[in-house]
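Enquirer: Pasting a structure here, questions to come.
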Amino acid sequence: MTRPEGAWREYGPLELTPILAAALEAFYEQGFHGTPVRDIARRVGQTVPALYYHHENKEGVFTALVEEATSDLDWRVRQAAEEAGDRPDRRLVNVVEAIVLHMAHRTRLAALDFELRHLSPANRKRYAARRKEIEVLVTRIVSDGVAEGLFVATRPAETARALLGMLQSIGRWYHPDGGPLSPDELAERYVDIALMTVGARKRPAARRTRARSA
């Protein structure tokens, strides 16, 4: 799918089925374990058998939402990296911004990450593979930055994992409707932290557009 330049910064409403929308709210409020299937069915105005017509079980519903979350993050990160060009420092800025904006604009989807222990081994493995692709991308960016003298991180792989862990933790505390920072402001701060973490001497100049929430 071809997306216009800067689309990774733009956010509108999630396009979820009524079942998935109801399940997302329930999982966010109560967690996976605390959400019975009958509660999801009640929220969407269906019977439990009707829900099972669309999804095999509760894990099937949860897996569909995890797939939505990982797919949304994946294309945004890749487009952000491509639009930054070849300079590692610009690529790092864009990738970190893309991840933070996803965590901030898609708070409920991001929160699913903390419930992944409930996935079956096969589904968890598939999700882990998608996460690994992003880790490899960030590791390569850090390694390239070190090779070009832009970064001074001595352990690129560990640095990349530390950065991603820091960004992932945003989902534990950030609330877009009740916090002092907007998603854009949050992204600005975390980009600065990421650049300090890799030892960048200065922030690269880059063309920037703002995310638009619908």
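Please note that chains go A, B, ... in the order of the structure tokens, that every chain numbers its residues from 1, and that ligands are numbered from 1 in the order shown.
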Give one line per residue of segment 96-199 of chain A that approaches segment 57-80 of chain A to at most 7 Å, naming the two atoms of the closest pair and their distance in Å to one decimal, counting only C-alpha atoms; sort by chain then ascending residue number and deliver it as a Markdown table.

Expert:
```
| residue | atom | partner | partner_atom | distance |
| --- | --- | --- | --- | --- |
| A:Ala98 | CA | A:Val77 | CA | 5.6 |
| A:Ile99 | CA | A:Val77 | CA | 6.7 |
| A:His102 | CA | A:Leu73 | CA | 6.4 |
| A:Leu109 | CA | A:Ala69 | CA | 5.5 |
| A:Ala110 | CA | A:Ala69 | CA | 6.8 |
| A:Leu112 | CA | A:Val66 | CA | 6.8 |
| A:Leu119 | CA | A:Glu59 | CA | 6.6 |
```

Enquirer: Go ahead and save the picked residues with all heavy atoms, as a short mmCIF file (atom, residue, chain, number, x, y, z; two decimals), in the first residue's frame.

Expert:
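So again-v7.cif came out as:
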```cif
data_model
loop_
_atom_site.label_atom_id
_atom_site.label_comp_id
_atom_site.auth_asym_id
_atom_site.auth_seq_id
_atom_site.Cartn_x
_atom_site.Cartn_y
_atom_site.Cartn_z
N ALA A 98 8.43 8.05 15.59
CA ALA A 98 7.34 7.19 15.12
C ALA A 98 6.85 6.27 16.23
O ALA A 98 5.64 6.07 16.40
CB ALA A 98 7.80 6.37 13.92
N ILE A 99 7.77 5.70 16.98
CA ILE A 99 7.39 4.78 18.06
C ILE A 99 6.66 5.54 19.17
O ILE A 99 5.63 5.07 19.68
CB ILE A 99 8.62 4.04 18.61
CG1 ILE A 99 9.23 3.14 17.53
CG2 ILE A 99 8.24 3.21 19.84
CD1 ILE A 99 10.54 2.50 17.93
N HIS A 102 3.16 6.47 18.13
CA HIS A 102 2.30 5.29 18.17
C HIS A 102 1.88 4.98 19.60
O HIS A 102 0.69 4.73 19.87
CB HIS A 102 3.04 4.08 17.58
CG HIS A 102 2.33 2.78 17.80
ND1 HIS A 102 1.32 2.32 16.98
CD2 HIS A 102 2.48 1.83 18.76
CE1 HIS A 102 0.88 1.16 17.43
NE2 HIS A 102 1.58 0.83 18.51
N LEU A 109 -4.04 0.20 22.19
CA LEU A 109 -3.35 -0.87 21.47
C LEU A 109 -1.97 -1.12 22.09
O LEU A 109 -1.56 -2.28 22.25
CB LEU A 109 -3.18 -0.50 20.00
CG LEU A 109 -4.40 -0.64 19.09
CD1 LEU A 109 -4.04 -0.21 17.67
CD2 LEU A 109 -4.92 -2.07 19.08
N ALA A 110 -1.25 -0.06 22.44
CA ALA A 110 0.08 -0.22 23.03
C ALA A 110 0.02 -0.98 24.35
O ALA A 110 0.93 -1.75 24.68
CB ALA A 110 0.72 1.14 23.23
N LEU A 112 -1.71 -3.44 25.11
CA LEU A 112 -1.83 -4.89 24.91
C LEU A 112 -0.49 -5.58 25.09
O LEU A 112 -0.42 -6.76 25.40
CB LEU A 112 -2.38 -5.19 23.50
CG LEU A 112 -3.77 -4.67 23.17
CD1 LEU A 112 -4.09 -4.96 21.70
CD2 LEU A 112 -4.82 -5.32 24.07
N LEU A 119 -0.87 -15.05 25.32
CA LEU A 119 -0.88 -15.62 23.99
C LEU A 119 -0.32 -17.04 24.00
O LEU A 119 0.56 -17.36 24.80
CB LEU A 119 -0.06 -14.77 23.03
CG LEU A 119 -0.63 -13.42 22.58
CD1 LEU A 119 0.39 -12.70 21.72
CD2 LEU A 119 -1.93 -13.60 21.82
#
```

Enquirer: Leaving out Val93 of chain A and any residue of its chain fewer than 4 positions from it, which residues lie within 8 Å of it when counting only C-alpha atoms, given as a PyMOL selection string?

Expert: chain A and resi 89+97+191+194-195

Enquirer: Determine the nearest neighbour of His33 of chain A from the options A:Glu135, A:Glu185, A:Glu56, A:Glu115, counting only C-alpha atoms.

Expert: A:Glu115

Enquirer: Separation of atom CA of Pro156 of chain A and atom CA of Leu92 of chain A, in Å?

Expert: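 Interatomic distance here is 12.5 Å.
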
Enquirer: Expressed in Å to a single decimal, how great is the separation between atom CA of Ala160 of chain A and atom CA of Val142 of chain A?

Expert: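 One can read the atom CA of Ala160 of chain A to atom CA of Val142 of chain A distance as 7.1 Å.
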
Enquirer: Using backbone DSSP assignments, extract all alpha helix (DSSP H) residues from segment 117-192 of chain A; output them as number ranges by chain.

Expert: A: 121-147, 156-168, 183-192

Enquirer: Within 8 Å of Arg201 of chain A, counting only C-alpha atoms, which residues show up once you throw out same-chain ones fewer than 3 positions away? Write them as a PyMOL selection string, please.

Expert: chain A and resi 150-151+196

Enquirer: Could you take the residues named above and write them with N, CA and C atoms, as a PDB file, in the first residue's frame?

Expert:
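out-v5.pdb, freshly written:
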```
ATOM      1  N   LEU A 150      28.985   9.583  14.222  1.00  0.00           N
ATOM      2  CA  LEU A 150      27.882  10.424  14.701  1.00  0.00           C
ATOM      3  C   LEU A 150      27.453  10.038  16.111  1.00  0.00           C
ATOM      4  N   PHE A 151      27.641   8.759  16.460  1.00  0.00           N
ATOM      5  CA  PHE A 151      27.287   8.249  17.781  1.00  0.00           C
ATOM      6  C   PHE A 151      28.539   7.678  18.431  1.00  0.00           C
ATOM      7  N   MET A 196      20.896  11.537  23.306  1.00  0.00           N
ATOM      8  CA  MET A 196      21.868  11.544  24.396  1.00  0.00           C
ATOM      9  C   MET A 196      22.345  10.126  24.716  1.00  0.00           C
TER      10      MET A 196
END
```

Enquirer: Could you please determine the separation between atom CA of Val96 of chain A and atom CA of Pro13 of chain A in Å, to one decimal place?

Expert: 22.1 Å

Enquirer: Calculated over only C-alpha atoms, which of the candidates A:Gly171, A:Gly85, A:Pro18, A:Gly31 has the smallest distance to His105 of chain A?

Expert: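 The answer is A:Gly171, which sits nearest to His105 of chain A.
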
Enquirer: Need to verify the contact set: Glu188 of chain A, 10 Å, only C-alpha atoms, exclusion of same-chain residues closer than 4 positions in sequence. Can you return it as a PyMOL selection string?

Expert: chain A and resi 93+96-97+100-101+182-184+192-193

Enquirer: Generate the output file for the selected residues, C-alpha atoms, as a short mmCIF file (atom, residue, chain, number, x, y, z; two decimals), in the first residue's frame.

Expert:
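To be explicit, this is the file written out as selection_36.cif:
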```cif
data_model
loop_
_atom_site.label_atom_id
_atom_site.label_comp_id
_atom_site.auth_asym_id
_atom_site.auth_seq_id
_atom_site.Cartn_x
_atom_site.Cartn_y
_atom_site.Cartn_z
CA VAL A 93 15.16 10.74 15.20
CA VAL A 96 12.03 7.17 17.82
CA GLU A 97 9.42 9.78 17.00
CA VAL A 100 6.53 7.47 20.62
CA LEU A 101 3.66 8.81 18.52
CA SER A 182 0.83 16.21 23.96
CA PRO A 183 2.05 13.29 21.78
CA ASP A 184 4.24 15.69 19.80
CA ASP A 192 16.40 14.17 22.84
CA ILE A 193 16.83 11.35 25.35
#
```

Enquirer: Between A:Gly45, A:His54, A:Pro36, A:Arg106, which residue has the minimum interatomic distance to Gly12 of chain A, considering only C-alpha atoms?

Expert: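 Checking each candidate against Gly12 of chain A, we get A:Arg106 as the closest.
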